[in-house]
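Notes follow the structure.
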Amino acid sequence: MSNTAVSLPEQPYPKKRKQGKIGAFFSELVKNRFLYLLALPAIIWFFVFAYLPLGGIVIAFQDFRAMQGIFGSEFVGLKNFQFFFQSSDWIKIVTNTVFLNVLFIFFNTLAAIIIAIMVTEMSGKWFKKITQSVMIFPHFLSWTVVAMFVMAFVSTDGGFINQILAMFGIAPVQFLSSPGYWPLILVLLKIWHGAGFGSIVYMATISGINPDIYESASIDGASRIQKIRYITLPLLKPTVILLTILAVGGIFNGDFGMIYAIIGRNPMLYPTTDVIDTYLFRAMMDLGDMSMSAAIGFMQSLVGFILVLTVNYIAKKVAPESAIF
Amino acid sequence: MIKESLPDRLLKGFFYLSIGLFSLYCLIPFWSVVASSFTSEASIVKNGYMFWPSDFSLDAYKMIFKDNTIYRAYGITTFVTVVGTILSMIFTSAMAYTLSVKSVKYRNHLAFYIYFTMLFHGGLVASYLLISKYLDMKDTIWVLIIPGMISAWNMFLLRNFFASIDDSIAESAKIDGANDVYILFRIILPISLPAMATIGLFYALGYWNKWFDAVLYINDKDLFPLQYLIQRIMNNLDYINQISADISIPNFIPPAMTVRLATTVVTIGPIVFLYPFLQKYFVKGLMVGAVKG
């Protein structure tokens, strides 16, 4: 054994073409050693914070006890999933999540496209600059801050909306106990928060369109609205589809940061605003039910994953240029 | 130049009007909170929130600055934002650069390794257990920085930008004897200023606005970041009662509303001041990323 170990270095060094797979691997690592070294911290980070938690999925199939940990808890198969589906809550929270997300995606995309088109059609430079800055600004405020703004508007005593209603002699609306208004309020907030920012991508796409196309359309006597309809919109389509695919993948993820900050723990609004993420959070923090929370989280991930693959597959058939992979 | 027809000009006027109105819509909530925070508590209780401070008062601000809770929260948030952004930028740009160099054979494998994390994740419970139980990071300031340090999305945005830089720049530096680390920090990063500013701003705002991690992992009052403080004072009056405890006037009502609003304004402050300087960079940086992507 020691003989072979000693004789190894004396063997002729293999030629590059005959190098084994492993040899090629190491020679690549050595050749670009600085670059791989640069990437290493991020690779480790992704391993710890993105791949290790994947192992935690087993909790969904366990009766998890904090004392025993992941390795000591008992396996119970699909019981946690059964438990979740037996409760009547699941239909409500899944419907809310999907419904709110569909509203958000649709109206935010629509608003962002409209803003992008309107702004690019404008010619006044300073007006464009100022309004653009103002429209993007809300995106930089956290939802906790936005929640404070919301209170100033919907609060029953002294909120702006009720002040205005009072001016017309209309009785105040109890927004904080009327779930029916909240899908609308949340959509308006989402547009307020994200539409201006979202329009940047569409503006970038529009500014990438060859100006000759518009020029020749003008010579042919096309009106402004015709140019928008027959040139801008069709050329925006791939970007819209691409961004929608990305958004659809997250359709099972409620916007937790937003909804928890704004609705908080107001059970009166749960009928329309409780989403999978907020439910999961309460199951975990209040009930300490790690296993059921993990089961719900796992389903979320799985459905999201399947959705992205499906939507991407469809996109590939319909508009190949906008598929992600 | 062809002269515009009347319907075209009308349409343009409509665009100006709509954008103007939407800008107002974006501005009004912000403005109203600032205005109300400078109003006396009594006036707000009586008349509700206002668009213009009718009974000007700085009481709420005096109050929150008298107590050291807000200074602590400011310190925590500033530390997390500055240190976090620097670390995020170093790790993200280092990884993005490696993925952008075409001679790196495994760059597509590595890209997929990261891309996959965007598609599939272990969920809240798994991360929570990992961070609190196995990594034991609860109630440390690092829990606000490290678990959210790299965003795959930002990494890919930056990679696209780096990939758009002409290879010959790095090539010629190599011939002059520079190694890849030197090339990244001395050549690539300086010429990528708009993209770096964009990503840096995203990270900085992410850290500045972070509160959910504090909900999960921070119980120590001395480690509350600003946004979590707001979250707390909105949901319970502990903080307001605490800071108004040493005011011993009979029948004194703690200024609950205005203190909340003033804290909010104080939190937004730095963003408002930095925003005009950074905005031109990030619109440019984002445009480049989007077009090339």
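In the structure tokens, the first chain shown is A, the next is B, and so on; residue numbers restart at 1 for each chain, and ligands run from 1 in the order shown.
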
Contact check, chain B to chain A, at most 6 Å, counting only C-alpha atoms, closest pairs as CSV:
```
residue,atom,partner,partner_atom,distance
B:Asp8,CA,A:Arg224,CA,5.7
B:Phe15,CA,A:Met118,CA,5.4
B:Ser23,CA,A:Met135,CA,5.5
B:Cys26,CA,A:Met135,CA,5.9
B:Pro29,CA,A:Phe149,CA,5.8
B:Gly48,CA,A:Gly158,CA,3.3
B:Tyr49,CA,A:Gly158,CA,5.6
B:Phe91,CA,A:Ala42,CA,5.8
B:Ala94,CA,A:Leu38,CA,5.1
B:Met95,CA,A:Ala39,CA,4.2
B:Thr98,CA,A:Leu35,CA,5.3
B:Leu119,CA,A:Phe305,CA,5.7
B:Phe120,CA,A:Ser301,CA,5.7
B:Gly122,CA,A:Leu54,CA,4.2
B:Gly123,CA,A:Gly297,CA,5.1
B:Val125,CA,A:Ala294,CA,5.5
B:Ala126,CA,A:Gly56,CA,4.6
B:Ser127,CA,A:Pro53,CA,5.4
B:Asp180,CA,A:Phe34,CA,5.9
B:Asn209,CA,A:Ser142,CA,5.1
B:Gln231,CA,A:Thr144,CA,6.0
B:Met287,CA,A:Ala204,CA,5.1
```

Keeping C-alpha atoms, export the residues of the selection given above as a tab-separated table (two decimals), in the first residue's frame.
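Output below, filename part-v8.tsv:
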```
chain	number	residue	atom	x	y	z
B	8	ASP	CA	-53.01	63.96	-29.80
B	15	PHE	CA	-51.47	62.02	-19.55
B	23	SER	CA	-48.14	61.77	-7.92
B	26	CYS	CA	-48.37	59.06	-3.71
B	29	PRO	CA	-50.38	60.04	2.86
B	48	GLY	CA	-58.75	64.18	13.69
B	49	TYR	CA	-55.69	63.93	11.45
B	91	PHE	CA	-20.30	39.03	-0.99
B	94	ALA	CA	-17.72	38.80	-5.50
B	95	MET	CA	-20.17	36.04	-6.43
B	98	THR	CA	-17.31	35.08	-10.74
B	119	LEU	CA	-37.74	28.63	-6.75
B	120	PHE	CA	-37.83	26.43	-3.73
B	122	GLY	CA	-37.57	25.35	3.21
B	123	GLY	CA	-40.15	27.70	4.64
B	125	VAL	CA	-40.36	27.06	10.29
B	126	ALA	CA	-37.16	25.52	9.00
B	127	SER	CA	-35.33	28.84	8.88
B	180	ASP	CA	-8.89	38.44	-10.36
B	209	ASN	CA	-36.88	48.73	6.77
B	231	GLN	CA	-44.71	48.18	15.08
B	287	MET	CA	-32.60	50.42	-16.55
```

May I have all residues of range 103-238 of chain B that DSSP, computed from the backbone, assigns to helix (DSSP H, G or I), given as a count of residues only? 100

Residue contacts of Gly206 in chain B (12 Å, only C-alpha atoms) excluding same-chain residues fewer than 3 positions away, as a PDB file with all heavy atoms, in the first residue's frame:
```pdb
ATOM      1  N   HIS A 139     -42.182  53.252  -2.548  1.00  0.00           N
ATOM      2  CA  HIS A 139     -41.592  51.916  -2.527  1.00  0.00           C
ATOM      3  C   HIS A 139     -40.541  51.782  -1.436  1.00  0.00           C
ATOM      4  O   HIS A 139     -40.255  50.682  -0.977  1.00  0.00           O
ATOM      5  CB  HIS A 139     -40.971  51.613  -3.882  1.00  0.00           C
ATOM      6  CG  HIS A 139     -40.460  50.211  -3.999  1.00  0.00           C
ATOM      7  ND1 HIS A 139     -41.293  49.144  -4.150  1.00  0.00           N
ATOM      8  CD2 HIS A 139     -39.203  49.715  -3.935  1.00  0.00           C
ATOM      9  CE1 HIS A 139     -40.575  48.043  -4.201  1.00  0.00           C
ATOM     10  NE2 HIS A 139     -39.305  48.361  -4.074  1.00  0.00           N
ATOM     11  N   PHE A 140     -39.961  52.886  -1.026  1.00  0.00           N
ATOM     12  CA  PHE A 140     -38.863  52.830  -0.070  1.00  0.00           C
ATOM     13  C   PHE A 140     -39.320  52.916   1.369  1.00  0.00           C
ATOM     14  O   PHE A 140     -38.500  52.931   2.274  1.00  0.00           O
ATOM     15  CB  PHE A 140     -37.853  53.932  -0.386  1.00  0.00           C
ATOM     16  CG  PHE A 140     -37.202  53.722  -1.714  1.00  0.00           C
ATOM     17  CD1 PHE A 140     -37.107  54.736  -2.638  1.00  0.00           C
ATOM     18  CD2 PHE A 140     -36.705  52.475  -2.044  1.00  0.00           C
ATOM     19  CE1 PHE A 140     -36.523  54.513  -3.875  1.00  0.00           C
ATOM     20  CE2 PHE A 140     -36.121  52.241  -3.267  1.00  0.00           C
ATOM     21  CZ  PHE A 140     -36.028  53.263  -4.184  1.00  0.00           C
ATOM     22  N   LEU A 141     -40.607  53.020   1.584  1.00  0.00           N
ATOM     23  CA  LEU A 141     -41.094  53.068   2.953  1.00  0.00           C
ATOM     24  C   LEU A 141     -41.507  51.666   3.380  1.00  0.00           C
ATOM     25  O   LEU A 141     -42.094  50.920   2.603  1.00  0.00           O
ATOM     26  CB  LEU A 141     -42.285  54.023   3.045  1.00  0.00           C
ATOM     27  CG  LEU A 141     -41.966  55.446   2.589  1.00  0.00           C
ATOM     28  CD1 LEU A 141     -43.204  56.314   2.670  1.00  0.00           C
ATOM     29  CD2 LEU A 141     -40.847  56.052   3.426  1.00  0.00           C
ATOM     30  N   SER A 142     -41.181  51.333   4.612  1.00  0.00           N
ATOM     31  CA  SER A 142     -41.518  49.996   5.075  1.00  0.00           C
ATOM     32  C   SER A 142     -43.016  49.909   5.342  1.00  0.00           C
ATOM     33  O   SER A 142     -43.687  50.916   5.546  1.00  0.00           O
ATOM     34  CB  SER A 142     -40.750  49.671   6.345  1.00  0.00           C
ATOM     35  OG  SER A 142     -41.417  50.210   7.454  1.00  0.00           O
ATOM     36  N   TRP A 143     -43.508  48.674   5.351  1.00  0.00           N
ATOM     37  CA  TRP A 143     -44.944  48.487   5.563  1.00  0.00           C
ATOM     38  C   TRP A 143     -45.371  48.926   6.953  1.00  0.00           C
ATOM     39  O   TRP A 143     -46.527  49.268   7.171  1.00  0.00           O
ATOM     40  CB  TRP A 143     -45.343  47.042   5.295  1.00  0.00           C
ATOM     41  CG  TRP A 143     -45.380  46.713   3.837  1.00  0.00           C
ATOM     42  CD1 TRP A 143     -44.548  45.844   3.181  1.00  0.00           C
ATOM     43  CD2 TRP A 143     -46.256  47.232   2.837  1.00  0.00           C
ATOM     44  NE1 TRP A 143     -44.877  45.801   1.852  1.00  0.00           N
ATOM     45  CE2 TRP A 143     -45.917  46.636   1.613  1.00  0.00           C
ATOM     46  CE3 TRP A 143     -47.317  48.155   2.865  1.00  0.00           C
ATOM     47  CZ2 TRP A 143     -46.582  46.927   0.420  1.00  0.00           C
ATOM     48  CZ3 TRP A 143     -47.978  48.445   1.674  1.00  0.00           C
ATOM     49  CH2 TRP A 143     -47.608  47.833   0.483  1.00  0.00           C
ATOM     50  N   GLY A 257     -45.181  40.632   4.921  1.00  0.00           N
ATOM     51  CA  GLY A 257     -44.696  41.902   5.448  1.00  0.00           C
ATOM     52  C   GLY A 257     -45.779  42.953   5.407  1.00  0.00           C
ATOM     53  O   GLY A 257     -45.997  43.695   6.357  1.00  0.00           O
TER      54      GLY A 257
ATOM     55  N   THR B  77     -30.467  50.306  14.162  1.00  0.00           N
ATOM     56  CA  THR B  77     -30.819  50.324  12.748  1.00  0.00           C
ATOM     57  C   THR B  77     -29.672  50.859  11.893  1.00  0.00           C
ATOM     58  O   THR B  77     -29.376  50.316  10.829  1.00  0.00           O
ATOM     59  CB  THR B  77     -32.095  51.163  12.534  1.00  0.00           C
ATOM     60  OG1 THR B  77     -33.149  50.557  13.263  1.00  0.00           O
ATOM     61  CG2 THR B  77     -32.480  51.219  11.075  1.00  0.00           C
ATOM     62  N   VAL B  80     -26.948  48.149  11.720  1.00  0.00           N
ATOM     63  CA  VAL B  80     -27.387  47.053  10.859  1.00  0.00           C
ATOM     64  C   VAL B  80     -27.339  47.491   9.398  1.00  0.00           C
ATOM     65  O   VAL B  80     -26.873  46.751   8.527  1.00  0.00           O
ATOM     66  CB  VAL B  80     -28.814  46.597  11.258  1.00  0.00           C
ATOM     67  CG1 VAL B  80     -29.421  45.700  10.194  1.00  0.00           C
ATOM     68  CG2 VAL B  80     -28.775  45.872  12.585  1.00  0.00           C
ATOM     69  N   THR B  81     -27.776  48.704   9.115  1.00  0.00           N
ATOM     70  CA  THR B  81     -27.812  49.171   7.733  1.00  0.00           C
ATOM     71  C   THR B  81     -26.405  49.332   7.168  1.00  0.00           C
ATOM     72  O   THR B  81     -26.102  48.839   6.075  1.00  0.00           O
ATOM     73  CB  THR B  81     -28.568  50.510   7.638  1.00  0.00           C
ATOM     74  OG1 THR B  81     -29.856  50.340   8.197  1.00  0.00           O
ATOM     75  CG2 THR B  81     -28.682  50.970   6.203  1.00  0.00           C
ATOM     76  N   VAL B  82     -25.525  49.985   7.911  1.00  0.00           N
ATOM     77  CA  VAL B  82     -24.184  50.258   7.379  1.00  0.00           C
ATOM     78  C   VAL B  82     -23.379  48.965   7.247  1.00  0.00           C
ATOM     79  O   VAL B  82     -22.904  48.627   6.153  1.00  0.00           O
ATOM     80  CB  VAL B  82     -23.441  51.279   8.279  1.00  0.00           C
ATOM     81  CG1 VAL B  82     -21.995  51.411   7.849  1.00  0.00           C
ATOM     82  CG2 VAL B  82     -24.151  52.621   8.237  1.00  0.00           C
ATOM     83  N   GLY B  84     -24.407  45.842   7.437  1.00  0.00           N
ATOM     84  CA  GLY B  84     -25.092  44.891   6.574  1.00  0.00           C
ATOM     85  C   GLY B  84     -24.887  45.202   5.105  1.00  0.00           C
ATOM     86  O   GLY B  84     -24.579  44.317   4.306  1.00  0.00           O
ATOM     87  N   THR B  85     -25.050  46.468   4.740  1.00  0.00           N
ATOM     88  CA  THR B  85     -24.923  46.828   3.332  1.00  0.00           C
ATOM     89  C   THR B  85     -23.512  46.557   2.831  1.00  0.00           C
ATOM     90  O   THR B  85     -23.321  46.015   1.736  1.00  0.00           O
ATOM     91  CB  THR B  85     -25.294  48.309   3.115  1.00  0.00           C
ATOM     92  OG1 THR B  85     -26.578  48.535   3.672  1.00  0.00           O
ATOM     93  CG2 THR B  85     -25.297  48.662   1.644  1.00  0.00           C
ATOM     94  N   SER B  88     -23.094  42.779   2.484  1.00  0.00           N
ATOM     95  CA  SER B  88     -23.902  42.308   1.355  1.00  0.00           C
ATOM     96  C   SER B  88     -23.244  42.648   0.033  1.00  0.00           C
ATOM     97  O   SER B  88     -23.168  41.821  -0.875  1.00  0.00           O
ATOM     98  CB  SER B  88     -25.283  42.963   1.373  1.00  0.00           C
ATOM     99  OG  SER B  88     -26.014  42.538   2.469  1.00  0.00           O
ATOM    100  N   LEU B 144     -30.057  40.179  12.595  1.00  0.00           N
ATOM    101  CA  LEU B 144     -30.691  41.164  11.707  1.00  0.00           C
ATOM    102  C   LEU B 144     -29.885  41.362  10.433  1.00  0.00           C
ATOM    103  O   LEU B 144     -30.335  42.008   9.495  1.00  0.00           O
ATOM    104  CB  LEU B 144     -30.839  42.506  12.428  1.00  0.00           C
ATOM    105  CG  LEU B 144     -31.718  42.508  13.678  1.00  0.00           C
ATOM    106  CD1 LEU B 144     -31.648  43.847  14.381  1.00  0.00           C
ATOM    107  CD2 LEU B 144     -33.151  42.174  13.319  1.00  0.00           C
ATOM    108  N   ILE B 145     -28.655  40.850  10.417  1.00  0.00           N
ATOM    109  CA  ILE B 145     -27.795  41.071   9.250  1.00  0.00           C
ATOM    110  C   ILE B 145     -27.591  39.787   8.447  1.00  0.00           C
ATOM    111  O   ILE B 145     -27.898  39.731   7.257  1.00  0.00           O
ATOM    112  CB  ILE B 145     -26.421  41.628   9.690  1.00  0.00           C
ATOM    113  CG1 ILE B 145     -26.597  43.022  10.306  1.00  0.00           C
ATOM    114  CG2 ILE B 145     -25.460  41.680   8.512  1.00  0.00           C
ATOM    115  CD1 ILE B 145     -25.318  43.648  10.801  1.00  0.00           C
ATOM    116  N   GLY B 148     -30.232  37.499   6.142  1.00  0.00           N
ATOM    117  CA  GLY B 148     -30.763  38.126   4.932  1.00  0.00           C
ATOM    118  C   GLY B 148     -29.686  38.789   4.106  1.00  0.00           C
ATOM    119  O   GLY B 148     -29.950  39.713   3.349  1.00  0.00           O
ATOM    120  N   MET B 149     -28.464  38.320   4.254  1.00  0.00           N
ATOM    121  CA  MET B 149     -27.340  39.079   3.718  1.00  0.00           C
ATOM    122  C   MET B 149     -27.269  39.116   2.194  1.00  0.00           C
ATOM    123  O   MET B 149     -26.913  40.138   1.613  1.00  0.00           O
ATOM    124  CB  MET B 149     -26.044  38.509   4.273  1.00  0.00           C
ATOM    125  CG  MET B 149     -24.891  39.455   4.190  1.00  0.00           C
ATOM    126  SD  MET B 149     -23.541  38.892   5.221  1.00  0.00           S
ATOM    127  CE  MET B 149     -23.117  37.353   4.462  1.00  0.00           C
ATOM    128  N   ILE B 150     -27.591  38.010   1.543  1.00  0.00           N
ATOM    129  CA  ILE B 150     -27.458  37.998   0.078  1.00  0.00           C
ATOM    130  C   ILE B 150     -28.832  37.782  -0.554  1.00  0.00           C
ATOM    131  O   ILE B 150     -29.583  36.907  -0.132  1.00  0.00           O
ATOM    132  CB  ILE B 150     -26.502  36.888  -0.386  1.00  0.00           C
ATOM    133  CG1 ILE B 150     -25.151  37.041   0.320  1.00  0.00           C
ATOM    134  CG2 ILE B 150     -26.301  36.954  -1.904  1.00  0.00           C
ATOM    135  CD1 ILE B 150     -24.164  35.967  -0.025  1.00  0.00           C
ATOM    136  N   SER B 151     -29.134  38.589  -1.528  1.00  0.00           N
ATOM    137  CA  SER B 151     -30.370  38.372  -2.262  1.00  0.00           C
ATOM    138  C   SER B 151     -30.014  37.849  -3.642  1.00  0.00           C
ATOM    139  O   SER B 151     -29.217  38.454  -4.371  1.00  0.00           O
ATOM    140  CB  SER B 151     -31.150  39.685  -2.353  1.00  0.00           C
ATOM    141  OG  SER B 151     -31.610  39.905  -3.658  1.00  0.00           O
ATOM    142  N   ASN B 154     -30.722  40.361  -6.442  1.00  0.00           N
ATOM    143  CA  ASN B 154     -29.714  41.413  -6.612  1.00  0.00           C
ATOM    144  C   ASN B 154     -28.442  40.857  -7.236  1.00  0.00           C
ATOM    145  O   ASN B 154     -27.791  41.520  -8.037  1.00  0.00           O
ATOM    146  CB  ASN B 154     -29.354  42.023  -5.254  1.00  0.00           C
ATOM    147  CG  ASN B 154     -30.465  42.904  -4.728  1.00  0.00           C
ATOM    148  OD1 ASN B 154     -31.399  43.224  -5.455  1.00  0.00           O
ATOM    149  ND2 ASN B 154     -30.369  43.284  -3.474  1.00  0.00           N
ATOM    150  N   ILE B 199     -27.830  48.498  -6.360  1.00  0.00           N
ATOM    151  CA  ILE B 199     -27.913  47.335  -5.488  1.00  0.00           C
ATOM    152  C   ILE B 199     -27.682  47.768  -4.045  1.00  0.00           C
ATOM    153  O   ILE B 199     -28.353  47.306  -3.124  1.00  0.00           O
ATOM    154  CB  ILE B 199     -26.861  46.283  -5.903  1.00  0.00           C
ATOM    155  CG1 ILE B 199     -26.975  45.957  -7.379  1.00  0.00           C
ATOM    156  CG2 ILE B 199     -26.989  45.030  -5.070  1.00  0.00           C
ATOM    157  CD1 ILE B 199     -28.177  45.213  -7.763  1.00  0.00           C
ATOM    158  N   GLY B 200     -26.732  48.664  -3.855  1.00  0.00           N
ATOM    159  CA  GLY B 200     -26.434  49.154  -2.505  1.00  0.00           C
ATOM    160  C   GLY B 200     -27.655  49.798  -1.880  1.00  0.00           C
ATOM    161  O   GLY B 200     -27.965  49.573  -0.709  1.00  0.00           O
ATOM    162  N   LEU B 201     -28.363  50.579  -2.681  1.00  0.00           N
ATOM    163  CA  LEU B 201     -29.574  51.230  -2.171  1.00  0.00           C
ATOM    164  C   LEU B 201     -30.630  50.199  -1.804  1.00  0.00           C
ATOM    165  O   LEU B 201     -31.279  50.298  -0.758  1.00  0.00           O
ATOM    166  CB  LEU B 201     -30.124  52.193  -3.230  1.00  0.00           C
ATOM    167  CG  LEU B 201     -31.388  52.942  -2.845  1.00  0.00           C
ATOM    168  CD1 LEU B 201     -31.099  53.959  -1.766  1.00  0.00           C
ATOM    169  CD2 LEU B 201     -32.005  53.627  -4.038  1.00  0.00           C
ATOM    170  N   PHE B 202     -30.792  49.187  -2.646  1.00  0.00           N
ATOM    171  CA  PHE B 202     -31.780  48.141  -2.344  1.00  0.00           C
ATOM    172  C   PHE B 202     -31.444  47.460  -1.020  1.00  0.00           C
ATOM    173  O   PHE B 202     -32.309  47.263  -0.172  1.00  0.00           O
ATOM    174  CB  PHE B 202     -31.811  47.082  -3.449  1.00  0.00           C
ATOM    175  CG  PHE B 202     -32.465  47.559  -4.707  1.00  0.00           C
ATOM    176  CD1 PHE B 202     -32.360  46.817  -5.869  1.00  0.00           C
ATOM    177  CD2 PHE B 202     -33.177  48.746  -4.728  1.00  0.00           C
ATOM    178  CE1 PHE B 202     -32.956  47.254  -7.037  1.00  0.00           C
ATOM    179  CE2 PHE B 202     -33.771  49.185  -5.893  1.00  0.00           C
ATOM    180  CZ  PHE B 202     -33.653  48.430  -7.047  1.00  0.00           C
ATOM    181  N   TYR B 203     -30.164  47.104  -0.883  1.00  0.00           N
ATOM    182  CA  TYR B 203     -29.763  46.442   0.355  1.00  0.00           C
ATOM    183  C   TYR B 203     -29.967  47.367   1.549  1.00  0.00           C
ATOM    184  O   TYR B 203     -30.505  46.973   2.574  1.00  0.00           O
ATOM    185  CB  TYR B 203     -28.303  46.012   0.279  1.00  0.00           C
ATOM    186  CG  TYR B 203     -28.080  44.670  -0.369  1.00  0.00           C
ATOM    187  CD1 TYR B 203     -27.163  44.508  -1.404  1.00  0.00           C
ATOM    188  CD2 TYR B 203     -28.777  43.550   0.064  1.00  0.00           C
ATOM    189  CE1 TYR B 203     -26.950  43.274  -1.989  1.00  0.00           C
ATOM    190  CE2 TYR B 203     -28.573  42.312  -0.516  1.00  0.00           C
ATOM    191  CZ  TYR B 203     -27.660  42.175  -1.541  1.00  0.00           C
ATOM    192  OH  TYR B 203     -27.448  40.952  -2.117  1.00  0.00           O
ATOM    193  N   ASN B 209     -35.462  49.022   6.590  1.00  0.00           N
ATOM    194  CA  ASN B 209     -36.882  48.733   6.775  1.00  0.00           C
ATOM    195  C   ASN B 209     -37.159  47.395   7.448  1.00  0.00           C
ATOM    196  O   ASN B 209     -38.300  46.971   7.542  1.00  0.00           O
ATOM    197  CB  ASN B 209     -37.600  48.766   5.425  1.00  0.00           C
ATOM    198  CG  ASN B 209     -37.756  50.178   4.918  1.00  0.00           C
ATOM    199  OD1 ASN B 209     -37.751  51.126   5.701  1.00  0.00           O
ATOM    200  ND2 ASN B 209     -37.890  50.335   3.618  1.00  0.00           N
ATOM    201  N   LYS B 210     -36.118  46.717   7.880  1.00  0.00           N
ATOM    202  CA  LYS B 210     -36.304  45.371   8.391  1.00  0.00           C
ATOM    203  C   LYS B 210     -37.010  45.375   9.744  1.00  0.00           C
ATOM    204  O   LYS B 210     -36.638  46.086  10.638  1.00  0.00           O
ATOM    205  CB  LYS B 210     -34.922  44.732   8.534  1.00  0.00           C
ATOM    206  CG  LYS B 210     -34.958  43.278   8.865  1.00  0.00           C
ATOM    207  CD  LYS B 210     -33.580  42.706   8.661  1.00  0.00           C
ATOM    208  CE  LYS B 210     -33.484  42.117   7.281  1.00  0.00           C
ATOM    209  NZ  LYS B 210     -32.404  41.221   7.081  1.00  0.00           N
ATOM    210  N   TRP B 211     -38.060  44.586   9.863  1.00  0.00           N
ATOM    211  CA  TRP B 211     -38.718  44.499  11.165  1.00  0.00           C
ATOM    212  C   TRP B 211     -39.185  43.093  11.477  1.00  0.00           C
ATOM    213  O   TRP B 211     -39.250  42.681  12.609  1.00  0.00           O
ATOM    214  CB  TRP B 211     -39.903  45.452  11.252  1.00  0.00           C
ATOM    215  CG  TRP B 211     -40.944  45.185  10.201  1.00  0.00           C
ATOM    216  CD1 TRP B 211     -40.921  45.656   8.915  1.00  0.00           C
ATOM    217  CD2 TRP B 211     -42.111  44.393  10.313  1.00  0.00           C
ATOM    218  NE1 TRP B 211     -42.005  45.190   8.229  1.00  0.00           N
ATOM    219  CE2 TRP B 211     -42.755  44.423   9.067  1.00  0.00           C
ATOM    220  CE3 TRP B 211     -42.682  43.657  11.352  1.00  0.00           C
ATOM    221  CZ2 TRP B 211     -43.937  43.738   8.825  1.00  0.00           C
ATOM    222  CZ3 TRP B 211     -43.864  42.982  11.101  1.00  0.00           C
ATOM    223  CH2 TRP B 211     -44.480  43.028   9.854  1.00  0.00           C
ATOM    224  N   PHE B 212     -39.463  42.307  10.443  1.00  0.00           N
ATOM    225  CA  PHE B 212     -40.031  40.998  10.697  1.00  0.00           C
ATOM    226  C   PHE B 212     -39.031  40.076  11.399  1.00  0.00           C
ATOM    227  O   PHE B 212     -39.393  39.298  12.273  1.00  0.00           O
ATOM    228  CB  PHE B 212     -40.530  40.383   9.397  1.00  0.00           C
ATOM    229  CG  PHE B 212     -41.135  39.026   9.599  1.00  0.00           C
ATOM    230  CD1 PHE B 212     -42.121  38.842  10.543  1.00  0.00           C
ATOM    231  CD2 PHE B 212     -40.704  37.953   8.868  1.00  0.00           C
ATOM    232  CE1 PHE B 212     -42.682  37.587  10.752  1.00  0.00           C
ATOM    233  CE2 PHE B 212     -41.260  36.701   9.062  1.00  0.00           C
ATOM    234  CZ  PHE B 212     -42.244  36.520  10.010  1.00  0.00           C
ATOM    235  N   ASP B 213     -37.773  40.202  11.041  1.00  0.00           N
ATOM    236  CA  ASP B 213     -36.747  39.403  11.705  1.00  0.00           C
ATOM    237  C   ASP B 213     -36.698  39.735  13.186  1.00  0.00           C
ATOM    238  O   ASP B 213     -36.432  38.872  14.015  1.00  0.00           O
ATOM    239  CB  ASP B 213     -35.372  39.663  11.077  1.00  0.00           C
ATOM    240  CG  ASP B 213     -35.354  39.293   9.621  1.00  0.00           C
ATOM    241  OD1 ASP B 213     -36.197  39.821   8.875  1.00  0.00           O
ATOM    242  OD2 ASP B 213     -34.512  38.475   9.224  1.00  0.00           O
ATOM    243  N   GLN B 227     -37.984  50.130  12.956  1.00  0.00           N
ATOM    244  CA  GLN B 227     -39.263  49.728  12.374  1.00  0.00           C
ATOM    245  C   GLN B 227     -40.058  48.847  13.325  1.00  0.00           C
ATOM    246  O   GLN B 227     -41.278  48.873  13.347  1.00  0.00           O
ATOM    247  CB  GLN B 227     -39.044  48.959  11.069  1.00  0.00           C
ATOM    248  CG  GLN B 227     -38.134  49.627  10.092  1.00  0.00           C
ATOM    249  CD  GLN B 227     -38.758  50.838   9.462  1.00  0.00           C
ATOM    250  OE1 GLN B 227     -39.972  51.004   9.462  1.00  0.00           O
ATOM    251  NE2 GLN B 227     -37.937  51.713   8.927  1.00  0.00           N
ATOM    252  N   ILE B 271     -34.283  58.513   4.814  1.00  0.00           N
ATOM    253  CA  ILE B 271     -34.611  58.100   3.447  1.00  0.00           C
ATOM    254  C   ILE B 271     -34.932  59.329   2.602  1.00  0.00           C
ATOM    255  O   ILE B 271     -34.463  59.475   1.479  1.00  0.00           O
ATOM    256  CB  ILE B 271     -35.802  57.115   3.447  1.00  0.00           C
ATOM    257  CG1 ILE B 271     -35.448  55.880   4.255  1.00  0.00           C
ATOM    258  CG2 ILE B 271     -36.188  56.728   2.025  1.00  0.00           C
ATOM    259  CD1 ILE B 271     -36.568  54.878   4.383  1.00  0.00           C
TER     260      ILE B 271
END
```

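Distance annotation: of B:Gly20, B:Gly177, B:Pro225, B:Pro194, the residue with the minimal separation from Leu157 in chain B is B:Pro194; atom set is only C-alpha atoms.
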
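Residues in contact with Phe107 in chain A at 10 Å, where only C-alpha atoms are counted and same-chain residues fewer than 2 positions away are skipped, are listed as Asn101, Val102, Leu103, Phe104, Ile105, Thr109, Leu110, Ala111, Ala112, Ile113, Val187, Leu188, Lys190, Ile191 and Ala195 of chain A.
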
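Reported to one decimal place, the separation of CA of Ile231 in chain A from CA of Pro320 in chain A is 19.3 Å.
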
What's the separation between CA of Ile188 in chain B and CA of Tyr281 in chain B, in Å to one decimal place? 17.0 Å

Rounded to one decimal place, report the CA of Lys46 in chain B-CA of Ser32 in chain B distance in Å. 16.4 Å

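The shell of residues at most 9 Å from Met268 in chain A, with only C-alpha atoms counted and near chain neighbours (fewer than 4 positions) removed, consists of Leu176, Ser177, Ser178 and Pro179 of chain A.
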